[in-house]
Each structure stands twice: as C-alpha cells, then as structure tokens.
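Visitor: I have a structure I would like to understand better, so I am pasting it below and will then ask my questions one at a time.
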Amino acid sequence: MGLLTEGSPLSWEETKKLSEHVREHGIIQFINLYKRLWDRQGDVLKWGDEVEYMIVKFDDANKKARVSLRAEQILNALNEKELKDPTGVKSLWRPEYGAYMIEGTPGAPYGGLLAHFNIVEANMKFRRDEAAELLQAGEVLMSLTSFPRLGCPDFTVPPTTPTPDRGATRSLFFPDEVIYPGHPRFKTLSRNIRERRGEKVAINLPIFPDENTKIPVDESYKHSDAAKPDHVYMDAMGFGMGCCCLQLTFQACNITEARTLYDQLTPLCPIMLALTAASPVHRGFLTDVDCRWNVISSSVDCRTAEERGLQPLKNNKFVINKSRYDSIDSYLSVCGEPYNDVPLIYDPKVYQQLRDAGIDHLLAQHVAHLFIRDSVSIFSEKVHQNDEQDTDHFENIQSTNWQTMRFKPPPPNSTIGWRVEFRPCEVQLTDFENAAIVCFVVLLTRVILSYQLNLLIPISKVDENMQNAQKRNACRTGKFWFRKNLLTCDSPPEASKCCPKSGSELYEQMTIDQIINGMDGQFPGLIPLIKSYLSGMDVDADTHCTIQQYLKFIQRRASGQLNTTATWIRNFVTSHPDYKKDSIVSDSINYDLLKTVHKLQQGEIVCPDLVDELETSKTKENVPDAYKTSENCNC
Ligand code: GLU
Ligand code: MG
C-alpha cells in the first residue's frame, strides 16, 4: 500500500493545520533529492511483483465463508524470518489495509535474465505455501480481488459490528476492527479522508440487472442520501482498499528510461485492467462492473464538495476532476508531451519553484500536480525533518497518490535507482495466471525498450479506456483506443518487419483480442511482437516452454477462448442452484464459490474455461542463479 512511517498519528485538526508545512517541505525535499540523483546512471533492469492476499475462513457446518482478521498475527510470524536474515529470505511480507490481508513480494528483485521468468510462479507458490503454514483449521489464503460478501452481516471471524455513529469509518456495513490494527496508518487514513471530505465516502456501483432483481437494491437509500437506489451502495474506505491486486515495480537504468517506461506503460493500464478483470461481486451483490478500480477510487475520494465542483470554491483552491486513487494525468517523457491533452491542475507557485530549481516542465508539472493533495496522515515524530536528507514529506504526498502508474525516485542512501510501478492489474486466482500476467508485462517492457516502440495515445483517451475497461465483459466485447503504428524512427529493422504500415489514423478503437493478438495486415498485436523479440534471443528450452505457456494463456484469454476471472465468478454465481436471478450472492453461493476457488488454487481441480488443463505449469526451481542480478541493461 505504500510507505509505513512509525509513530503516533496526529488528529485530523492537527494534520489539516500542517498541510502547507508538508507541501512546502515535501517540495524542497523533492528538489534536493532531484539535485542529488537526476544524473544517477548505470542501474540495471530489475523488477519484482507484489501479490495481495486475503485470509478466508470456512465454516463448513453453516456453509459460510468469512474473512479472518488474523493478518497481524500471521504477519508477525512471517516477519520473524526477515528480521533474522533481511537479505537471505525468499519472500517479504507487508501489511495491507484489511485486517484480513497480507502482501507478499519476492525476497529480492528479479533481473534481466530471461531465466528469471522461470521462477516467478515458483516463488509465488512458495509464498502461498509459506503463509498457508501459519493458518488455523478452516483458514485459507486467497489471491482474490474482492471478497464477495465484504460488508454483509456476519462477514468476519471473530464477529464484528459496524458503528455508524462513532470511530474512524462510521460505516453502516464496515466495522473499524476490519481495518489492519497493527499499524495506525490505516485507521488514520480512513478517518482523515472522511473528515477532509466532510462526509463519508460514497461508492455506488450499478447493479447487474437480472430477471428478479429488486430496485431499490436494498434499504441503503433510506439511511443515506448518497445511496443510489439502482446501485450497490458502500460507504467505507475498506470496500476499496480491502480489495487485492497484483502490482509490478521496475527499476530503470536511469531517470530517462524510467520516464519512458512510465509513459509507455500508461496506455497499457486499461488494457491490463480489462484483461485481469476479477471483481464482479461487492457487498453480496452481482454488479454490472468487472473490476475494482472505481470502487477504490471512490473509497479514498477525499475531495470536498467544492473540489468535486458541486459548490462554488470558497475554502478550497481547486476543482479537481479525479480522486487521489485514479489513472495518471500526464506523461513524463519528451515523447509523451504532445499527448498531454488534459489540462493539469497545480499551484503555479509550486510549479515555478520546481522550475527555478532546474526541473524541466514535464516533471515539474507532474510533481506540482501530485502536490494539489493535502496530507491525510502525519505522524508527530515526522513533522520536523532534515530536508537535505529526509524525503518523508515528499513520500507522504507521493504514497497517497494511488495512481495507475507511480514514478519513484531512488530512496535516500540506498542502492536502488529510479523506478516505476505498474498498478492496475487485478489479482488472479492461481499462481499460474499471476505469473503469466507478470511475465507478459515484463516482456512488453523489454520489447518496447529494445524495439523503441511508441504506444502513446492522448491521456483523455486513456481515461476513456479506463472507464470502458471496467464494464461487464469488457475483455471480450469492449473497444479501446490503441495506437496503430507503434514504430518510431529509432526502431530497429526487426521491429519494422513485424509492424504492418497501415492508414493515416494515429490510433483507433480495437478489442482486447485485436490489441493482444493482432489484426491481419493492420496491427501487429502485442504477443506477436513479443514472439518476434524472443526469436532473436538465446533462451534455454525450459524457460522457453514456460514463457510459451504464459503467452498462450494471455492469447487465449484475450481472444475469449478463456474467461476472465470476473466472467468465471459471474457464471459460477448465476448457475448456482441457490441463485434466484435477483443479483444476490448469498452466504451459500459465496461459500461454494470460495470452496471451488480454493480447490482451484490448490490445483485440486481444473476449470478449463479459466485456466486450461494443459497450461497448468509445474513448479520450477532449478535456476541456480535465480537471485543473481543480471548485468543486462536495456539502454
Ligand atoms: N489494494 C490496492 C489495489 O487493489 C493497492 C494498495 C497498494 O497500493 O498496495 O489497488
Ligand atoms: Mg499493496
């Protein structure tokens, strides 16, 4: 989820008073950091994945599945190994928003060797097994994007009750005890976001309209003006930040390559969101969307009514068109500049201060734009800092801008270089799928960099794609703006060979199938590009086979031969004997669904419409130099 500062959180009133202080020093800290590190060179390509998990507990006697609030206990045990041997462990574990969530990453990043693709899945399996060892009877670890009955009566173990009139969240459905208790950050964020906004957050997801679906969906509208009758209403940060995702971080060889990666991966965010869609059920209802994105976006939307444009500006400075969790608003590379077609909101004084310090226009406006947000969590110990050395105030704002991509400067005094984070993907049920997604995205970055491709389209089109990506069945039926001619004048001949020259249109709407698999004579397709890139590489047979399996899986999901997780869940629910065609996902349906998910994750059953039997990969651990850093650098 981001940075975890130790200490005691300030009240909202105190935090609010310090918001200018954090901004002022955050900008100075960024300037100092930039001056120190802008010309840092020679880092090698490294990358790593992050998988978020839920702990679910089955109550077989009553046919119920609940979230188990034991993340803190389990994390304490998992972190013991790391504390003893910080650099020798195969996995790292961190808390997440929910008291039922944990986040795992490989112990060390992967490098530039293709052989590293061969151990991604094994490491994911290792993490799953490692955490599973600490579970109690009935508990299971799940890589599940949204818990279908989050916020329904009796959804936790131990039992908890919402407190709408007190506490951090004040939700009708989501008790504060369901927020991770082991660190104050999460509860503080929930409280301050609500206080800053001036009311509870409001999430309304359109209901999936089935034959017997009742409108209004439930009684929510009686309790809150914010609830829309034909929508599933949710009123807590936990409904969003309680979702799990799959993220990737890349270290670039220098700041320029990081800016290129940040930009080039941006148009892929909505595409990967649609391809990984995995969350059609929220608060016990089948919705008309397949992804978590807008749920989280609304769940941390701290903008006041003025900032949302509902009231004239009086106490606030700006009308802001997005939540602090949303897609990015501007490109960072010179190549990207012409596609920055959405007016960027920022304080001209902050922008000028960055420019005066020698920071170029694109980076200055990016940072100034991040800094339109107020801090929503300050720790008393961290108020006064040494701006020459510390970057906490900068990180305070940076880490609470949860966007599709994140541009990350090197941390102070570390060996880590400039990095970018790729954040849109929903987590998949099986390690095979997650590994396939990860390897596909990493391979794409290699192709983009070595073929010097340009995938950019205007930011406004990426925004439009983000909304379309979330619609029901978008992966199969949605259309997405995508650039047609990916070649640049720097592209090598092998790139030109596989890119047909076509028409004068810069970009057009394509299906996910066309984007991934290509369109005869008109668009090469991302997988054929990867295949062409790989054909020029020296790969051992075993790695080759693994990569081919992953690519085949992506191809088949994109073409619709395989279902997205969202469609698979939808089909499971609607064909369940207890389903009454009323959009309600009852306890028994939820129980059977999650039992099936668990069997699938354990490899006990195969669902050929989700992951083909032939494709379930065996565990591979025979890469001796697995964690050695490769010297390959793509620049
Ligand atoms: N769980 C959040 C999501 O699904 C991400 C939190 C984080 O930044 O780690 O997008
Ligand atoms: Mg996380």
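Chain lettering (A, B, ...) mirrors the order of the structure tokens, residue numbering begins at 1 for each chain separately, and ligand numbering begins at 1 in order of display.
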Could you tell me, counting only C-alpha atoms and all ligand atoms, which protein and nucleic acid residues lie no more than 9 Å from ligand 1, written as number ranges by chain?
Guide: A: 1-2, 50-52, 96-97, 103, 145-146, 240-247, 292-293, 296, 325, 399-400, 402-404, 423-427
Visitor: Convert the current residue selection to file output with N, CA and C atoms, as a CSV table (one decimal), in the first residue's frame.
Guide:
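selection.csv, freshly written:
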chain,number,residue,atom,x,y,z
A,1,MET,N,0.8,-1.2,0.0
A,1,MET,CA,0.0,0.0,0.0
A,1,MET,C,0.9,1.2,0.0
A,2,GLY,N,2.1,1.1,0.4
A,2,GLY,CA,2.9,2.3,0.4
A,2,GLY,C,3.7,2.4,1.7
A,50,GLU,N,4.2,-7.8,-6.7
A,50,GLU,CA,3.6,-7.8,-5.4
A,50,GLU,C,2.2,-8.4,-5.5
A,51,VAL,N,2.0,-9.4,-4.6
A,51,VAL,CA,0.7,-10.0,-4.6
A,51,VAL,C,0.0,-9.8,-3.3
A,52,GLU,N,-1.3,-9.3,-3.3
A,52,GLU,CA,-2.0,-9.2,-2.1
A,52,GLU,C,-3.0,-10.3,-1.9
A,96,GLU,N,-1.4,-4.8,4.8
A,96,GLU,CA,-2.3,-4.1,3.8
A,96,GLU,C,-3.5,-3.5,4.6
A,97,TYR,N,-4.4,-2.9,3.9
A,97,TYR,CA,-5.4,-2.2,4.6
A,97,TYR,C,-6.3,-3.0,5.5
A,103,GLU,N,0.4,-8.8,2.2
A,103,GLU,CA,1.0,-8.6,0.8
A,103,GLU,C,2.4,-9.3,0.8
A,145,THR,N,-9.6,-10.8,-5.7
A,145,THR,CA,-9.6,-9.3,-5.8
A,145,THR,C,-10.6,-8.7,-4.8
A,146,SER,N,-11.8,-9.2,-4.9
A,146,SER,CA,-12.8,-8.7,-3.9
A,146,SER,C,-13.5,-9.8,-3.2
A,240,GLY,N,-12.9,-0.5,-0.8
A,240,GLY,CA,-12.0,-0.3,-1.9
A,240,GLY,C,-10.6,-0.9,-1.5
A,241,MET,N,-10.0,-0.3,-0.5
A,241,MET,CA,-8.6,-0.7,-0.1
A,241,MET,C,-8.6,-2.1,0.5
A,242,GLY,N,-9.8,-2.6,0.7
A,242,GLY,CA,-9.9,-4.0,1.2
A,242,GLY,C,-9.9,-5.0,0.0
A,243,CYS,N,-9.7,-4.4,-1.2
A,243,CYS,CA,-9.5,-5.3,-2.4
A,243,CYS,C,-8.0,-5.6,-2.7
A,244,CYS,N,-7.8,-6.7,-3.3
A,244,CYS,CA,-6.4,-7.2,-3.6
A,244,CYS,C,-6.0,-7.0,-5.0
A,245,CYS,N,-4.7,-6.7,-5.2
A,245,CYS,CA,-4.3,-6.5,-6.6
A,245,CYS,C,-2.9,-7.2,-6.8
A,246,LEU,N,-2.5,-7.1,-8.1
A,246,LEU,CA,-1.2,-7.6,-8.5
A,246,LEU,C,-0.4,-6.4,-9.1
A,247,GLN,N,0.7,-6.1,-8.5
A,247,GLN,CA,1.5,-4.9,-9.0
A,247,GLN,C,2.9,-5.3,-9.4
A,292,ARG,N,-12.3,-3.6,-9.8
A,292,ARG,CA,-12.3,-2.9,-8.6
A,292,ARG,C,-12.0,-1.4,-8.7
A,293,TRP,N,-11.5,-1.0,-9.9
A,293,TRP,CA,-10.9,0.3,-9.9
A,293,TRP,C,-11.8,1.5,-9.4
A,296,ILE,N,-12.3,1.5,-5.5
A,296,ILE,CA,-11.2,2.0,-4.7
A,296,ILE,C,-11.1,3.5,-4.9
A,325,TYR,N,-6.9,8.3,-5.9
A,325,TYR,CA,-6.7,6.9,-6.5
A,325,TYR,C,-7.3,7.0,-7.9
A,399,SER,N,2.9,8.8,-1.7
A,399,SER,CA,2.4,7.5,-1.4
A,399,SER,C,0.9,7.5,-1.2
A,400,THR,N,0.3,8.7,-1.2
A,400,THR,CA,-1.2,8.7,-1.1
A,400,THR,C,-1.8,9.3,-2.4
A,402,TRP,N,-2.5,7.3,-5.3
A,402,TRP,CA,-2.5,6.0,-5.7
A,402,TRP,C,-3.0,5.9,-7.2
A,403,GLN,N,-2.0,6.0,-8.1
A,403,GLN,CA,-2.4,6.1,-9.5
A,403,GLN,C,-2.0,4.8,-10.3
A,404,THR,N,-2.6,4.7,-11.5
A,404,THR,CA,-2.3,3.5,-12.3
A,404,THR,C,-0.8,3.3,-12.4
A,423,ARG,N,0.4,-0.5,-11.6
A,423,ARG,CA,-0.6,-0.8,-10.5
A,423,ARG,C,-2.0,-1.2,-10.9
A,424,PRO,N,-2.3,-1.3,-12.2
A,424,PRO,CA,-3.8,-1.5,-12.5
A,424,PRO,C,-4.3,-3.0,-12.3
A,425,CYS,N,-3.4,-4.0,-12.4
A,425,CYS,CA,-3.9,-5.4,-12.5
A,425,CYS,C,-4.7,-5.9,-11.3
A,426,GLU,N,-5.7,-6.6,-11.6
A,426,GLU,CA,-6.4,-7.3,-10.5
A,426,GLU,C,-5.7,-8.6,-10.3
A,427,VAL,N,-5.8,-9.1,-9.0
A,427,VAL,CA,-5.0,-10.3,-8.7
A,427,VAL,C,-5.8,-11.5,-9.3
Visitor: Taking 5 positions as the minimum chain separation for residues in the same chain, which residues sit within 7 Å of segment 439-454 of chain A when counting only C-alpha atoms? Answer as a list of chain:residue names.
Guide: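 Everything that qualifies: A:Phe117, A:Gln264, A:Leu486, A:Leu487, A:Thr488, A:Asp490, A:Ser491, A:Pro492, A:Ala495, A:Ile530, A:Tyr533, A:Leu551, A:Asn634.
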Visitor: Mind dumping the selected residues with N, CA and C atoms as a PDB file, in the first residue's frame?
Guide:
ATOM      1  N   PHE A 117      12.079 -15.592 -15.641  1.00  0.00           N
ATOM      2  CA  PHE A 117      10.644 -15.842 -15.856  1.00  0.00           C
ATOM      3  C   PHE A 117      10.256 -17.236 -15.382  1.00  0.00           C
ATOM      4  N   GLN A 264       5.144   4.744 -21.495  1.00  0.00           N
ATOM      5  CA  GLN A 264       4.767   3.679 -22.428  1.00  0.00           C
ATOM      6  C   GLN A 264       3.856   2.643 -21.778  1.00  0.00           C
ATOM      7  N   LEU A 486       3.155   1.528 -34.187  1.00  0.00           N
ATOM      8  CA  LEU A 486       3.958   1.589 -32.959  1.00  0.00           C
ATOM      9  C   LEU A 486       5.424   1.927 -33.225  1.00  0.00           C
ATOM     10  N   LEU A 487       5.811   1.946 -34.486  1.00  0.00           N
ATOM     11  CA  LEU A 487       7.223   2.157 -34.806  1.00  0.00           C
ATOM     12  C   LEU A 487       7.631   3.611 -34.604  1.00  0.00           C
ATOM     13  N   THR A 488       8.889   3.811 -34.245  1.00  0.00           N
ATOM     14  CA  THR A 488       9.446   5.158 -34.213  1.00  0.00           C
ATOM     15  C   THR A 488      10.616   5.187 -35.193  1.00  0.00           C
ATOM     16  N   ASP A 490      13.521   5.426 -34.524  1.00  0.00           N
ATOM     17  CA  ASP A 490      14.655   4.708 -33.946  1.00  0.00           C
ATOM     18  C   ASP A 490      14.455   3.195 -33.911  1.00  0.00           C
ATOM     19  N   SER A 491      13.263   2.741 -34.315  1.00  0.00           N
ATOM     20  CA  SER A 491      13.011   1.299 -34.225  1.00  0.00           C
ATOM     21  C   SER A 491      13.936   0.524 -35.157  1.00  0.00           C
ATOM     22  N   PRO A 492      14.486  -0.591 -34.672  1.00  0.00           N
ATOM     23  CA  PRO A 492      15.395  -1.391 -35.496  1.00  0.00           C
ATOM     24  C   PRO A 492      14.632  -2.146 -36.599  1.00  0.00           C
ATOM     25  N   ALA A 495      11.974  -4.763 -35.844  1.00  0.00           N
ATOM     26  CA  ALA A 495      10.661  -4.265 -35.397  1.00  0.00           C
ATOM     27  C   ALA A 495       9.802  -3.937 -36.614  1.00  0.00           C
ATOM     28  N   ILE A 530       6.095  -9.645 -29.015  1.00  0.00           N
ATOM     29  CA  ILE A 530       6.935 -10.317 -28.009  1.00  0.00           C
ATOM     30  C   ILE A 530       7.602 -11.546 -28.636  1.00  0.00           C
ATOM     31  N   TYR A 533      10.433 -10.567 -30.773  1.00  0.00           N
ATOM     32  CA  TYR A 533      11.566 -10.167 -29.917  1.00  0.00           C
ATOM     33  C   TYR A 533      12.287 -11.396 -29.358  1.00  0.00           C
ATOM     34  N   LEU A 551       2.344 -17.052 -22.590  1.00  0.00           N
ATOM     35  CA  LEU A 551       1.869 -16.247 -23.723  1.00  0.00           C
ATOM     36  C   LEU A 551       0.607 -16.861 -24.323  1.00  0.00           C
ATOM     37  N   ASN A 634      18.931  -2.417 -20.538  1.00  0.00           N
ATOM     38  CA  ASN A 634      18.258  -2.180 -21.799  1.00  0.00           C
ATOM     39  C   ASN A 634      18.522  -0.820 -22.422  1.00  0.00           C
TER      40      ASN A 634
END
Visitor: So that I can check the surroundings of Ser586 of chain A, please list as a PyMOL selection string every protein, DNA and RNA residue that reaches within 8 Å of it, counting only C-alpha atoms and ignoring chain neighbours fewer than 5 positions away.
Guide: chain A and resi 284+578-579
Visitor: Could you write those residues out with N, CA, C and O atoms, as a PDB file, in the first residue's frame?
Guide:
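Generated file (out00.pdb):
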ATOM      1  N   GLY A 284     -22.172  -8.477  -1.447  1.00  0.00           N
ATOM      2  CA  GLY A 284     -23.195  -9.500  -1.612  1.00  0.00           C
ATOM      3  C   GLY A 284     -24.050  -9.355  -2.858  1.00  0.00           C
ATOM      4  O   GLY A 284     -25.029 -10.083  -3.009  1.00  0.00           O
ATOM      5  N   ASP A 578     -28.753 -22.152  -5.793  1.00  0.00           N
ATOM      6  CA  ASP A 578     -29.402 -21.237  -4.839  1.00  0.00           C
ATOM      7  C   ASP A 578     -29.627 -19.837  -5.414  1.00  0.00           C
ATOM      8  O   ASP A 578     -30.243 -18.991  -4.770  1.00  0.00           O
ATOM      9  N   TYR A 579     -29.086 -19.574  -6.588  1.00  0.00           N
ATOM     10  CA  TYR A 579     -29.219 -18.218  -7.151  1.00  0.00           C
ATOM     11  C   TYR A 579     -30.639 -18.004  -7.661  1.00  0.00           C
ATOM     12  O   TYR A 579     -31.171 -18.804  -8.432  1.00  0.00           O
TER      13      TYR A 579
END
Visitor: Write out as a PDB file with N, CA and C atoms, in the first residue's frame each polymer residue whose atoms come within 8 Å of Tyr53 of chain A, counting only C-alpha atoms; drop sequence neighbours fewer than 2 positions from it.
Guide:
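Here's the written file part_35.pdb:
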ATOM      1  N   VAL A  51       1.971  -9.390  -4.624  1.00  0.00           N
ATOM      2  CA  VAL A  51       0.655 -10.030  -4.645  1.00  0.00           C
ATOM      3  C   VAL A  51      -0.020  -9.778  -3.299  1.00  0.00           C
ATOM      4  N   ILE A  55      -7.142 -13.623   3.919  1.00  0.00           N
ATOM      5  CA  ILE A  55      -7.287 -14.840   4.724  1.00  0.00           C
ATOM      6  C   ILE A  55      -8.784 -15.061   4.898  1.00  0.00           C
ATOM      7  N   MET A 101      -5.835  -9.030   5.381  1.00  0.00           N
ATOM      8  CA  MET A 101      -4.993  -9.001   4.172  1.00  0.00           C
ATOM      9  C   MET A 101      -3.506  -9.031   4.499  1.00  0.00           C
ATOM     10  N   ILE A 102      -2.738  -9.662   3.617  1.00  0.00           N
ATOM     11  CA  ILE A 102      -1.279  -9.560   3.676  1.00  0.00           C
ATOM     12  C   ILE A 102      -0.750  -9.394   2.248  1.00  0.00           C
ATOM     13  N   GLU A 103       0.435  -8.822   2.163  1.00  0.00           N
ATOM     14  CA  GLU A 103       1.026  -8.596   0.843  1.00  0.00           C
ATOM     15  C   GLU A 103       2.396  -9.250   0.785  1.00  0.00           C
ATOM     16  N   GLY A 104       2.652 -10.012  -0.250  1.00  0.00           N
ATOM     17  CA  GLY A 104       3.931 -10.703  -0.360  1.00  0.00           C
ATOM     18  C   GLY A 104       4.682 -10.338  -1.629  1.00  0.00           C
ATOM     19  N   LEU A 141      -5.630 -19.140   2.373  1.00  0.00           N
ATOM     20  CA  LEU A 141      -5.075 -17.909   1.829  1.00  0.00           C
ATOM     21  C   LEU A 141      -5.580 -17.778   0.403  1.00  0.00           C
ATOM     22  N   MET A 142      -6.089 -16.620   0.060  1.00  0.00           N
ATOM     23  CA  MET A 142      -6.656 -16.477  -1.285  1.00  0.00           C
ATOM     24  C   MET A 142      -6.144 -15.246  -1.994  1.00  0.00           C
ATOM     25  N   SER A 143      -5.755 -15.431  -3.255  1.00  0.00           N
ATOM     26  CA  SER A 143      -5.458 -14.269  -4.083  1.00  0.00           C
ATOM     27  C   SER A 143      -6.756 -13.945  -4.825  1.00  0.00           C
ATOM     28  N   LEU A 144      -7.575 -13.172  -4.157  1.00  0.00           N
ATOM     29  CA  LEU A 144      -8.937 -12.890  -4.607  1.00  0.00           C
ATOM     30  C   LEU A 144      -9.094 -11.374  -4.605  1.00  0.00           C
ATOM     31  N   CYS A 244      -7.771  -6.729  -3.316  1.00  0.00           N
ATOM     32  CA  CYS A 244      -6.391  -7.155  -3.568  1.00  0.00           C
ATOM     33  C   CYS A 244      -6.006  -6.960  -5.034  1.00  0.00           C
TER      34      CYS A 244
END
Visitor: Pick out the closest residue to Cys269 of chain A from this set: A:Thr213, A:Ser224, A:Gln470, A:Thr87. Count only C-alpha atoms.
Guide: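 Of all the options, A:Gln470 lies closest to Cys269 of chain A.
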Visitor: Using only C-alpha atoms, which of the listed residues (A:Gly536, A:Gly478, A:Pro524, A:Gly48) sits closest to Glu494 of chain A?
Guide: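 Looking at the shortest contact to Glu494 of chain A, the residue is A:Gly536.
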Visitor: Determine which residues of segment 402-617 of chain A receive a DSSP assignment of strand (DSSP E or B), computed from the backbone, and state them as a ChimeraX atom specification.
Guide: /A:402-403,405-408,419-422,426,471,480-483,507-510,519,523,584
Visitor: Let me make sure I understand: among A:Gly603, A:Pro184, A:Pro175, A:Pro206, which one has the smallest atom-to-atom distance to Thr156 of chain A if we use only C-alpha atoms?
Guide: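 Going through A:Gly603, A:Pro184, A:Pro175, A:Pro206 one by one, the smallest distance to Thr156 of chain A is for A:Pro175.
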Visitor: Measuring atom to atom with only C-alpha atoms and all ligand atoms, identify which of A:Trp93, A:Arg194, A:Glu72, A:Pro528 is nearest to ligand 2.
Guide: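 Smallest separation from ligand 2 among the options: A:Trp93.
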Visitor: For Val67 of chain A, please output as a list of chain:residue names all residues within 7 Å (counting only C-alpha atoms; exclusion window: fewer than 6 positions along the same chain).
Guide: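 Listed by chain and then number, they are A:Ile55, A:Val56, A:Lys57, A:Tyr100, A:Phe155, A:Thr156, A:Val157.
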Visitor: Could the residues in this selection be written to a file with C-alpha atoms, as a PDB file, in the first residue's frame?
Guide:
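Full text of result29.pdb as output:
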ATOM      1  CA  ILE A  55      -7.287 -14.840   4.724  1.00  0.00           C
ATOM      2  CA  VAL A  56     -10.660 -16.534   4.438  1.00  0.00           C
ATOM      3  CA  LYS A  57     -12.148 -18.946   6.954  1.00  0.00           C
ATOM      4  CA  TYR A 100      -7.602  -9.976   6.786  1.00  0.00           C
ATOM      5  CA  PHE A 155     -18.790 -11.398   7.328  1.00  0.00           C
ATOM      6  CA  THR A 156     -15.845 -11.578   9.739  1.00  0.00           C
ATOM      7  CA  VAL A 157     -14.315 -14.003  12.175  1.00  0.00           C
TER       8      VAL A 157
END
Visitor: Quick one: residues within 10 Å of Pro158 of chain A, only C-alpha atoms, excluding same-chain residues fewer than 3 positions away - as a list in words?
Guide: Arg66, Val67, Ser68, Leu69, Arg70, Asp154, Phe155, Glu177 and Val178 of chain A
Visitor: Between atom CA of Gly521 of chain A and atom CA of Tyr507 of chain A, measure the distance and give it in Å to one decimal.
Guide: 15.2 Å
Visitor: Any idea what's packed within 10 Å of Gln353 of chain A, counting only C-alpha atoms, ignoring anything in its chain fewer than 2 positions away? Could you give it as an NGL selection string?
Guide: :A and (27-28 or 31 or 348-351 or 355-359 or 364 or 368)
Visitor: Keeping C-alpha atoms for every residue in the selection just given, could you write it to a file as a JSON list (two decimals), in the first residue's frame?
Guide:
[["chain", "number", "residue", "atom", "x", "y", "z"],
["A", 27, "ILE", "CA", 8.68, 20.07, -2.49],
["A", 28, "ILE", "CA", 12.01, 21.17, -1.04],
["A", 31, "ILE", "CA", 14.18, 19.36, -5.24],
["A", 348, "PRO", "CA", 1.65, 27.80, -10.26],
["A", 349, "LYS", "CA", 3.88, 28.85, -7.36],
["A", 350, "VAL", "CA", 4.86, 25.26, -6.63],
["A", 351, "TYR", "CA", 5.44, 24.64, -10.32],
["A", 355, "ARG", "CA", 11.28, 25.09, -12.49],
["A", 356, "ASP", "CA", 13.56, 27.58, -10.74],
["A", 357, "ALA", "CA", 15.40, 24.63, -9.24],
["A", 358, "GLY", "CA", 16.21, 23.40, -12.75],
["A", 359, "ILE", "CA", 13.49, 20.78, -13.07],
["A", 364, "ALA", "CA", 7.70, 19.92, -12.56],
["A", 368, "ALA", "CA", 3.14, 20.03, -8.69]]
Visitor: Find, counting only C-alpha atoms, the residue in A:Ile328, A:Ala122, A:Leu429, A:Ala277 that gets nearest to Val606 of chain A.
Guide: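 Closest candidate: A:Leu429.
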Visitor: Taking the chain letters and numbering used in this document, name the residues of segment 365-581 of chain A that DSSP puts in alpha helix (DSSP H), as JSON, numbers by chain.
Guide: {"A": [365, 366, 367, 368, 369, 370, 392, 393, 394, 395, 396, 397, 398, 431, 432, 433, 434, 435, 436, 437, 438, 439, 440, 441, 442, 443, 444, 445, 446, 447, 448, 449, 450, 459, 460, 461, 462, 463, 464, 465, 466, 467, 468, 469, 474, 475, 476, 477, 493, 494, 495, 496, 497, 498, 512, 513, 514, 515, 516, 517, 526, 527, 528, 529, 530, 531, 532, 533, 534, 535, 541, 542, 543, 544, 545, 546, 547, 548, 549, 550, 551, 552, 553, 554, 555, 556, 557, 558, 559, 565, 566, 567, 568, 569, 570, 571, 572, 573, 574]}
Visitor: Mind pulling up the distance from atom CA of Met272 of chain A to atom CA of Gln602 of chain A?
Guide: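 Straight-line distance from atom CA of Gln602 of chain A to atom CA of Met272 of chain A works out to 25.0 Å.
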Visitor: What's the separation between atom CA of Met510 of chain A and atom CA of Asp288 of chain A, in Å to one decimal place?
Guide: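 Computing the Euclidean distance for atom CA of Met510 of chain A and atom CA of Asp288 of chain A yields 21.7 Å.
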